[in-house]
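The next block is run12.cif, given as mmCIF, C-alpha atoms (C1' of nucleotides).
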```cif
data_final
loop_
_atom_site.label_atom_id
_atom_site.label_comp_id
_atom_site.auth_asym_id
_atom_site.auth_seq_id
_atom_site.Cartn_x
_atom_site.Cartn_y
_atom_site.Cartn_z
CA MET A 1 -17.73 11.54 31.51
CA SER A 2 -15.77 8.66 32.90
CA PHE A 3 -13.75 6.98 30.25
CA ASP A 4 -10.63 5.07 31.04
CA PHE A 5 -8.62 4.91 27.90
CA THR A 6 -6.07 2.50 29.35
CA THR A 7 -8.50 -0.34 29.96
CA TYR A 8 -10.68 0.24 26.93
CA LEU A 9 -10.85 -3.03 25.01
CA PRO A 10 -10.64 -1.69 21.44
CA TYR A 11 -7.62 0.32 22.43
CA LEU A 12 -5.90 -2.68 23.98
CA ILE A 13 -6.62 -4.78 20.93
CA ASN A 14 -5.48 -2.14 18.48
CA ARG A 15 -2.17 -1.38 20.08
CA THR A 16 -1.39 -5.05 20.53
CA GLY A 17 -2.20 -5.73 16.90
CA VAL A 18 -0.10 -2.85 15.65
CA GLU A 19 2.87 -3.86 17.75
CA LEU A 20 2.62 -7.46 16.65
CA ALA A 21 2.27 -6.47 13.01
CA GLY A 22 5.18 -4.07 12.99
CA ALA A 23 7.83 -6.37 14.33
CA PHE A 24 6.63 -9.38 12.40
CA SER A 25 6.44 -7.45 9.12
CA ARG A 26 10.01 -6.34 9.33
CA GLU A 27 11.17 -9.88 9.79
CA ILE A 28 9.20 -11.54 7.03
CA ALA A 29 10.23 -8.83 4.60
CA GLN A 30 13.45 -10.84 4.38
CA HIS A 31 11.42 -13.60 2.80
CA GLY A 32 10.04 -11.23 0.20
CA VAL A 33 6.54 -11.31 1.63
CA THR A 34 4.55 -8.47 3.11
CA LEU A 35 2.22 -8.92 6.05
CA PRO A 36 -0.98 -8.85 3.98
CA MET A 37 0.61 -11.40 1.66
CA TRP A 38 1.42 -13.63 4.59
CA ARG A 39 -2.18 -13.39 5.70
CA VAL A 40 -3.28 -14.63 2.32
CA LEU A 41 -0.73 -17.44 2.38
CA ALA A 42 -1.89 -18.44 5.85
CA ALA A 43 -5.49 -18.54 4.69
CA LEU A 44 -4.51 -20.67 1.72
CA HIS A 45 -2.47 -22.92 3.94
CA TYR A 46 -5.63 -23.50 5.92
CA ARG A 47 -7.41 -24.36 2.69
CA ASP A 48 -5.97 -24.01 -0.76
CA GLY A 49 -7.99 -22.94 -3.76
CA LEU A 50 -10.24 -20.51 -1.90
CA ARG A 51 -12.26 -17.93 -3.74
CA ILE A 52 -11.16 -14.33 -3.48
CA SER A 53 -14.18 -13.43 -1.41
CA ASP A 54 -13.47 -16.29 0.99
CA VAL A 55 -9.92 -15.11 1.44
CA ALA A 56 -11.32 -11.66 2.15
CA GLY A 57 -13.61 -13.07 4.80
CA LEU A 58 -10.83 -15.02 6.48
CA THR A 59 -8.21 -12.31 6.40
CA SER A 60 -10.41 -9.26 7.04
CA ILE A 61 -8.81 -7.62 4.00
CA ASP A 62 -11.08 -5.56 1.81
CA ILE A 63 -12.03 -7.41 -1.32
CA SER A 64 -10.77 -4.74 -3.72
CA THR A 65 -7.48 -4.45 -1.90
CA LEU A 66 -7.28 -8.19 -2.06
CA SER A 67 -7.87 -8.28 -5.78
CA ARG A 68 -4.84 -6.10 -6.32
CA LEU A 69 -2.81 -7.90 -3.70
CA ILE A 70 -3.44 -11.24 -5.37
CA GLY A 71 -2.22 -9.61 -8.57
CA LYS A 72 1.06 -8.69 -6.94
CA MET A 73 1.42 -12.12 -5.41
CA GLU A 74 0.83 -13.64 -8.82
CA LYS A 75 3.61 -11.50 -10.28
CA ARG A 76 5.91 -12.69 -7.53
CA GLY A 77 4.97 -16.25 -8.35
CA LEU A 78 3.42 -17.03 -4.97
CA VAL A 79 -0.09 -17.87 -6.13
CA ILE A 80 -2.09 -18.39 -9.30
CA ARG A 81 -5.54 -17.12 -10.15
CA ARG A 82 -7.74 -19.78 -11.62
CA ARG A 83 -11.11 -19.45 -13.32
CA SER A 84 -12.87 -22.75 -13.82
CA PRO A 85 -14.96 -22.72 -16.99
CA GLU A 86 -17.11 -25.58 -15.73
CA ALA A 87 -18.06 -23.98 -12.46
CA ASP A 88 -19.40 -20.49 -11.85
CA GLY A 89 -17.51 -18.32 -14.29
CA ARG A 90 -17.59 -15.30 -12.05
CA VAL A 91 -15.52 -16.98 -9.40
CA VAL A 92 -11.76 -16.74 -9.19
CA THR A 93 -9.99 -19.24 -7.02
CA VAL A 94 -6.50 -18.72 -5.69
CA VAL A 95 -4.01 -21.55 -5.66
CA VAL A 96 -0.59 -21.56 -4.02
CA THR A 97 2.44 -22.27 -6.19
CA PRO A 98 5.48 -24.28 -5.06
CA ALA A 99 7.23 -20.97 -4.44
CA GLY A 100 4.28 -19.87 -2.33
CA GLN A 101 4.46 -23.09 -0.35
CA ALA A 102 8.17 -22.58 0.19
CA ALA A 103 7.53 -19.07 1.47
CA THR A 104 4.87 -20.38 3.81
CA ARG A 105 7.20 -23.08 5.10
CA ALA A 106 9.85 -20.46 5.74
CA ILE A 107 7.51 -18.11 7.56
CA VAL A 108 5.51 -20.51 9.71
CA PRO A 109 8.35 -20.94 12.22
CA VAL A 110 8.75 -17.19 12.42
CA ALA A 111 5.04 -16.81 13.03
CA GLN A 112 5.14 -19.43 15.75
CA ARG A 113 8.08 -17.75 17.36
CA TYR A 114 6.21 -14.46 17.48
CA GLU A 115 3.19 -16.08 19.03
CA ALA A 116 5.47 -17.59 21.63
CA ILE A 117 6.98 -14.19 22.37
CA ALA A 118 3.53 -12.65 22.64
CA LEU A 119 2.42 -15.35 25.05
CA ALA A 120 5.58 -15.45 27.14
CA GLY A 121 4.69 -16.12 30.74
CA PHE A 122 1.27 -17.51 29.89
CA THR A 123 0.31 -20.99 30.98
CA THR A 124 -1.22 -23.23 28.35
CA ASP A 125 -4.61 -22.71 29.96
CA GLU A 126 -4.25 -18.96 30.04
CA ALA A 127 -3.28 -18.83 26.39
CA ALA A 128 -6.22 -21.01 25.45
CA ALA A 129 -8.55 -18.84 27.52
CA LEU A 130 -7.31 -15.68 25.85
CA LYS A 131 -7.83 -17.12 22.39
CA GLN A 132 -11.24 -18.42 23.29
CA MET A 133 -12.27 -15.02 24.58
CA LEU A 134 -11.07 -13.31 21.42
CA ILE A 135 -13.11 -15.74 19.41
CA ARG A 136 -16.13 -14.90 21.54
CA VAL A 137 -15.57 -11.18 21.07
CA TYR A 138 -15.30 -11.66 17.34
CA GLY A 139 -18.52 -13.63 17.40
CA ASN A 140 -20.21 -10.79 19.25
CA LEU A 141 -19.13 -8.36 16.57
CA SER A 142 -19.69 -10.20 13.35
CA GLY A 143 -22.94 -10.02 11.58
CA ASP A 144 -26.13 -8.67 12.93
CA ALA A 145 -25.22 -7.64 16.42
CA LEU A 146 -23.76 -4.44 15.08
CA ASP A 147 -26.54 -3.54 12.72
CA SER A 148 -29.11 -3.62 15.47
CA ALA A 149 -26.87 -1.45 17.58
CA ALA A 150 -26.30 1.24 14.96
CA MET B 1 4.32 -28.08 9.14
CA SER B 2 1.53 -27.84 11.66
CA PHE B 3 0.04 -24.41 11.75
CA ASP B 4 -3.49 -23.80 12.85
CA PHE B 5 -4.54 -20.53 11.43
CA THR B 6 -7.81 -20.42 13.34
CA THR B 7 -6.24 -20.34 16.79
CA TYR B 8 -3.23 -18.24 15.90
CA LEU B 9 -3.16 -15.29 18.28
CA PRO B 10 -2.09 -12.54 15.87
CA TYR B 11 -4.82 -13.62 13.52
CA LEU B 12 -7.46 -13.54 16.23
CA ILE B 13 -6.32 -10.13 17.35
CA ASN B 14 -6.20 -8.71 13.86
CA ARG B 15 -9.62 -9.80 12.75
CA THR B 16 -11.19 -8.65 15.99
CA GLY B 17 -9.53 -5.27 15.65
CA VAL B 18 -10.60 -4.86 12.06
CA GLU B 19 -14.18 -5.78 12.81
CA LEU B 20 -14.31 -3.46 15.78
CA ALA B 21 -12.78 -0.61 13.82
CA GLY B 22 -15.04 -0.94 10.82
CA ALA B 23 -18.35 -0.79 12.60
CA PHE B 24 -17.26 1.89 15.02
CA SER B 25 -15.78 4.09 12.27
CA ARG B 26 -18.98 4.16 10.33
CA GLU B 27 -20.88 5.32 13.36
CA ILE B 28 -18.58 8.07 14.53
CA ALA B 29 -18.34 9.44 11.00
CA GLN B 30 -21.68 11.00 11.84
CA HIS B 31 -19.88 13.12 14.39
CA GLY B 32 -17.39 14.30 11.79
CA VAL B 33 -14.52 12.37 13.33
CA THR B 34 -12.52 9.55 11.79
CA LEU B 35 -11.25 6.62 13.80
CA PRO B 36 -7.65 7.85 13.98
CA MET B 37 -8.97 11.23 15.08
CA TRP B 38 -10.99 9.59 17.82
CA ARG B 39 -7.86 7.80 18.98
CA VAL B 40 -6.12 11.12 19.31
CA LEU B 41 -9.06 12.63 21.15
CA ALA B 42 -9.14 9.66 23.50
CA ALA B 43 -5.44 10.04 24.22
CA LEU B 44 -5.94 13.73 24.91
CA HIS B 45 -8.92 12.96 27.10
CA TYR B 46 -6.61 10.80 29.15
CA ARG B 47 -4.19 13.70 29.38
CA ASP B 48 -4.49 16.97 27.54
CA GLY B 49 -1.54 18.87 26.17
CA LEU B 50 0.50 15.84 25.21
CA ARG B 51 3.41 16.11 22.84
CA ILE B 52 2.99 14.72 19.37
CA SER B 53 5.43 11.93 20.07
CA ASP B 54 3.53 10.98 23.23
CA VAL B 55 0.29 10.80 21.30
CA ALA B 56 2.05 8.57 18.80
CA GLY B 57 3.19 6.26 21.57
CA LEU B 58 -0.25 6.05 23.11
CA THR B 59 -2.18 5.60 19.89
CA SER B 60 0.27 3.42 17.96
CA ILE B 61 -0.07 5.84 15.05
CA ASP B 62 3.10 6.59 13.10
CA ILE B 63 4.50 9.94 14.03
CA SER B 64 4.50 11.35 10.51
CA THR B 65 0.95 10.21 9.90
CA LEU B 66 0.09 11.82 13.18
CA SER B 67 1.69 15.12 12.24
CA ARG B 68 -0.60 15.35 9.24
CA LEU B 69 -3.59 14.06 11.16
CA ILE B 70 -3.16 16.74 13.80
CA GLY B 71 -3.10 19.24 10.96
CA LYS B 72 -6.46 18.03 9.74
CA MET B 73 -7.88 18.04 13.23
CA GLU B 74 -6.64 21.57 13.66
CA LYS B 75 -8.43 22.62 10.49
CA ARG B 76 -11.61 21.04 11.80
CA GLY B 77 -11.16 22.97 15.02
CA LEU B 78 -10.80 19.91 17.25
CA VAL B 79 -7.34 20.61 18.61
CA ILE B 80 -4.66 23.27 18.61
CA ARG B 81 -0.93 22.90 18.14
CA ARG B 82 1.04 24.83 20.69
CA ARG B 83 4.74 25.59 20.78
CA SER B 84 5.92 26.98 24.07
CA PRO B 85 8.78 29.41 23.59
CA GLU B 86 9.88 29.00 27.21
CA ALA B 87 10.18 25.25 27.11
CA ASP B 88 11.96 23.09 24.58
CA GLY B 89 11.26 24.81 21.28
CA ARG B 90 11.28 21.58 19.32
CA VAL B 91 8.26 20.24 21.11
CA VAL B 92 4.72 20.68 19.89
CA THR B 93 1.96 20.02 22.35
CA VAL B 94 -1.59 19.29 21.32
CA VAL B 95 -4.49 20.81 23.18
CA VAL B 96 -8.16 20.02 22.77
CA THR B 97 -10.55 22.83 21.86
CA PRO B 98 -14.09 23.16 23.20
CA ALA B 99 -15.28 21.66 19.91
CA GLY B 100 -12.91 18.77 20.42
CA GLN B 101 -14.25 18.27 23.92
CA ALA B 102 -17.78 18.30 22.58
CA ALA B 103 -16.88 15.66 20.01
CA THR B 104 -15.29 13.54 22.70
CA ARG B 105 -18.36 13.86 24.89
CA ALA B 106 -20.52 12.79 21.98
CA ILE B 107 -18.39 9.78 21.11
CA VAL B 108 -17.58 8.40 24.53
CA PRO B 109 -21.03 6.82 24.94
CA VAL B 110 -20.74 5.28 21.50
CA ALA B 111 -17.35 3.87 22.38
CA GLN B 112 -18.72 2.45 25.61
CA ARG B 113 -21.62 0.91 23.77
CA TYR B 114 -19.25 -0.81 21.37
CA GLU B 115 -17.17 -2.17 24.17
CA ALA B 116 -20.34 -3.51 25.75
CA ILE B 117 -21.31 -5.18 22.49
CA ALA B 118 -17.85 -6.68 22.15
CA LEU B 119 -18.01 -8.03 25.68
CA ALA B 120 -21.58 -9.27 25.57
CA GLY B 121 -21.89 -12.45 27.58
CA PHE B 122 -18.72 -11.80 29.54
CA THR B 123 -18.80 -11.63 33.30
CA THR B 124 -17.04 -8.69 34.90
CA ASP B 125 -14.22 -10.99 35.91
CA GLU B 126 -13.85 -12.42 32.44
CA ALA B 127 -13.71 -9.00 30.86
CA ALA B 128 -11.10 -7.89 33.37
CA ALA B 129 -9.08 -11.04 32.74
CA LEU B 130 -9.16 -10.49 28.98
CA LYS B 131 -7.97 -6.93 29.32
CA GLN B 132 -5.28 -7.89 31.75
CA MET B 133 -4.02 -10.56 29.39
CA LEU B 134 -3.92 -8.14 26.47
CA ILE B 135 -1.91 -5.78 28.60
CA ARG B 136 0.50 -8.61 29.38
CA VAL B 137 0.82 -9.49 25.71
CA TYR B 138 1.52 -5.89 24.85
CA GLY B 139 4.16 -5.81 27.54
CA ASN B 140 5.77 -8.89 26.07
CA LEU B 141 5.98 -7.20 22.71
CA SER B 142 7.05 -3.69 23.47
CA GLY B 143 10.62 -2.80 23.69
CA ASP B 144 13.52 -5.15 23.78
CA ALA B 145 11.88 -8.53 23.73
CA LEU B 146 11.51 -8.25 19.99
CA ASP B 147 14.98 -7.00 19.22
CA SER B 148 16.61 -9.93 20.92
CA ALA B 149 14.33 -12.25 19.00
CA ALA B 150 15.04 -10.81 15.59
"C1'" DG C 1 -34.10 -18.17 -25.33
"C1'" DC C 2 -34.05 -13.56 -23.29
"C1'" DA C 3 -34.62 -9.59 -20.08
"C1'" DG C 4 -33.51 -8.20 -15.57
"C1'" DG C 5 -31.88 -8.66 -11.08
"C1'" DA C 6 -28.24 -10.82 -8.28
"C1'" DT C 7 -23.37 -12.09 -7.32
"C1'" DA C 8 -17.93 -12.13 -7.98
"C1'" DT C 9 -14.28 -9.57 -9.22
"C1'" DT C 10 -11.87 -5.66 -11.08
"C1'" DT C 11 -10.87 -0.83 -11.79
"C1'" DG C 12 -11.06 4.48 -10.99
"C1'" DC C 13 -9.97 7.61 -7.84
"C1'" DA C 14 -9.07 10.28 -3.87
"C1'" DA C 15 -7.28 9.85 0.62
"C1'" DA C 16 -4.26 7.63 4.09
"C1'" DT C 17 0.06 5.47 5.20
"C1'" DG C 18 5.01 4.88 6.41
"C1'" DC C 19 9.68 5.26 5.44
"C1'" DA C 20 13.43 8.34 4.79
"C1'" DA C 21 15.22 12.85 4.20
"C1'" DA C 22 14.80 17.61 5.57
"C1'" DT C 23 14.13 21.08 8.99
"C1'" DA C 24 14.19 23.30 13.52
"C1'" DC C 25 15.88 23.41 17.81
"C1'" DC C 26 18.53 21.94 22.04
"C1'" DG C 27 22.68 21.45 24.90
"C1'" DC C 28 27.31 19.91 25.63
"C1'" DG C 29 32.19 20.53 25.13
"C1'" DT C 30 35.66 23.60 23.99
"C1'" DA D 1 30.19 32.16 21.26
"C1'" DC D 2 30.57 27.93 17.94
"C1'" DG D 3 30.25 23.64 16.12
"C1'" DC D 4 28.28 19.15 16.57
"C1'" DG D 5 25.72 15.16 17.70
"C1'" DG D 6 21.08 14.37 19.32
"C1'" DT D 7 15.98 14.93 19.53
"C1'" DA D 8 11.06 16.61 17.87
"C1'" DT D 9 8.46 17.47 14.10
"C1'" DT D 10 7.45 18.09 9.31
"C1'" DT D 11 7.67 17.13 4.45
"C1'" DG D 12 8.61 14.37 -0.04
"C1'" DC D 13 7.34 10.49 -2.25
"C1'" DA D 14 5.84 6.08 -3.61
"C1'" DT D 15 2.68 2.67 -2.10
"C1'" DT D 16 -1.55 0.99 -0.07
"C1'" DT D 17 -6.15 1.50 1.09
"C1'" DG D 18 -11.27 1.43 0.65
"C1'" DC D 19 -15.34 3.12 -1.28
"C1'" DA D 20 -18.11 3.30 -5.36
"C1'" DA D 21 -18.77 2.44 -10.10
"C1'" DA D 22 -17.85 -0.68 -13.89
"C1'" DT D 23 -17.51 -5.28 -15.76
"C1'" DA D 24 -18.44 -10.14 -16.29
"C1'" DT D 25 -21.12 -13.93 -15.40
"C1'" DC D 26 -25.00 -16.34 -13.46
"C1'" DC D 27 -29.88 -17.57 -12.78
"C1'" DT D 28 -34.88 -17.08 -12.62
"C1'" DG D 29 -39.33 -16.13 -14.72
"C1'" DC D 30 -41.59 -15.55 -18.71
#
```

Can you dump the structure from the file as structure tokens?
Amino acid sequence: MSFDFTTYLPYLINRTGVELAGAFSREIAQHGVTLPMWRVLAALHYRDGLRISDVAGLTSIDISTLSRLIGKMEKRGLVIRRRSPEADGRVVTVVVTPAGQAATRAIVPVAQRYEAIALAGFTTDEAAALKQMLIRVYGNLSGDALDSAA
Amino acid sequence: MSFDFTTYLPYLINRTGVELAGAFSREIAQHGVTLPMWRVLAALHYRDGLRISDVAGLTSIDISTLSRLIGKMEKRGLVIRRRSPEADGRVVTVVVTPAGQAATRAIVPVAQRYEAIALAGFTTDEAAALKQMLIRVYGNLSGDALDSAA
DNA sequence: GCAGGATATTTGCAAATGCAAATACCGCGT
DNA sequence: ACGCGGTATTTGCATTTGCAAATATCCTGC
């Protein structure tokens, strides 16, 4: 049973993610935003007015967790839930408030700094290659590939 | 405020980790083991009889969460807590039982299959390069680099 | 125009999580 | 031998999480 823990891809990804999340979380707490909240803000910065389910898809946060998280963010004045009566009445879209935009503006430089720390010593090409490979891995995992394997 | 969400490293790492974890968890549940439990088993497969704090370091699981997790694993007969009276009496080491070994044997092939799925389309060199880069990133994050940045 | 199945979100609930305080133990200095 | 700061683990507690069921709305066929 040969199994080398230390070069096992899911392990390497997990520990890197946890480490990244921990340090970053502590710092953005000063801006009154938790890490999951930042993820939502980042998704909405990419495109404002997304539906809850779209935010879930982008952030990999469970949709029920997200529903409650959006509630908290609403209470903190970061976002607003909006139901459009004209469109599909089941859909809730999430819109960033000015306060949410301010929080995003404050955190983006922190986020960029952390990425720079993570990629210290990487050439531009190396960093791009790493990202591209992670995108490929994600592509391999999403959707049907897994179902057929199970 | 330029910030491209879709090529932001922590984002790419997080979503890949979540996707990987979700599919894999569902499958190993059939073996009566949760994902955090598998992480512990994998760490102990690497080296049996580790201290709780060492397992925490290897698995990136919080030490208090781990204390309770080990308790559950003990109840399921996967591992045993051991306090050696001769050595430092504060230390608890964790030892795998035959049932734990059997579970590990059952899951290792599943784990390998998932890694293969994740790395589908990668050459051996590419896969090695990806892993090596993740190890470098982790190195950049652990320890002092972050303190000086905060 | 209405029943019935599909989709989007919310809510109930039990379990997992992480921080901080408590506990147990070590070893040094006196 | 004793107290004291330091380390390893556990426990208390409030929060977060995710699955499954409930709710609300939509849409198609009749």

Applying the PyMOL selection byres ((chain A) within 8 of (chain D)) to the file I just gave you, which residues come out? Please list them as a PyMOL selection string. chain A and resi 62+64-65+88-90

Residues of chain C near chain B: apply a cut-off of 12 Å, count only C-alpha atoms (C1' of nucleotides), and supply the list as a ChimeraX atom specification. /C:15-20,23-27

Can you tell me how far atom CA of A:Leu58 sits from atom CA of A:Trp38, in Å to one decimal? 12.5 Å

Give as a PyMOL selection string the residues that the PyMOL selection byres ((chain B) within 6 of (chain A)) matches when applied to the coordinates above. chain B and resi 14-17+60+118+137-138+140-141

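Near B:Val92, within a cut-off of 8 Å and counting all atoms listed in the file, sit the residues Arg51, Ile52, Arg81, Arg82, Arg83 and Ser84 of chain B; DA8 and DT9 of chain D, with same-chain residues fewer than 6 positions away left out.
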
Counting only C-alpha atoms (C1' of nucleotides), which residues come within 8 Å of (-12.0, 19.6, 16.5), with the point read in the file's coordinates, and could you list them as a PDB file with C-alpha atoms, in the frame of the given file?
```
ATOM      1  CA  MET B  73      -7.880  18.040  13.230  1.00  0.00           C
ATOM      2  CA  GLU B  74      -6.640  21.570  13.660  1.00  0.00           C
ATOM      3  CA  LYS B  75      -8.430  22.620  10.490  1.00  0.00           C
ATOM      4  CA  ARG B  76     -11.610  21.040  11.800  1.00  0.00           C
ATOM      5  CA  GLY B  77     -11.160  22.970  15.020  1.00  0.00           C
ATOM      6  CA  LEU B  78     -10.800  19.910  17.250  1.00  0.00           C
ATOM      7  CA  VAL B  79      -7.340  20.610  18.610  1.00  0.00           C
ATOM      8  CA  VAL B  96      -8.160  20.020  22.770  1.00  0.00           C
ATOM      9  CA  THR B  97     -10.550  22.830  21.860  1.00  0.00           C
ATOM     10  CA  PRO B  98     -14.090  23.160  23.200  1.00  0.00           C
ATOM     11  CA  ALA B  99     -15.280  21.660  19.910  1.00  0.00           C
ATOM     12  CA  GLY B 100     -12.910  18.770  20.420  1.00  0.00           C
ATOM     13  CA  GLN B 101     -14.250  18.270  23.920  1.00  0.00           C
ATOM     14  CA  ALA B 103     -16.880  15.660  20.010  1.00  0.00           C
TER      15      ALA B 103
END
```

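Computed from the coordinates, the atom CA of A:Thr93 to atom CA of A:Leu50 distance equals 5.3 Å.
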
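Counting from atom CA of B:Leu66, the distance to atom CA of A:Gly22 is 16.7 Å.
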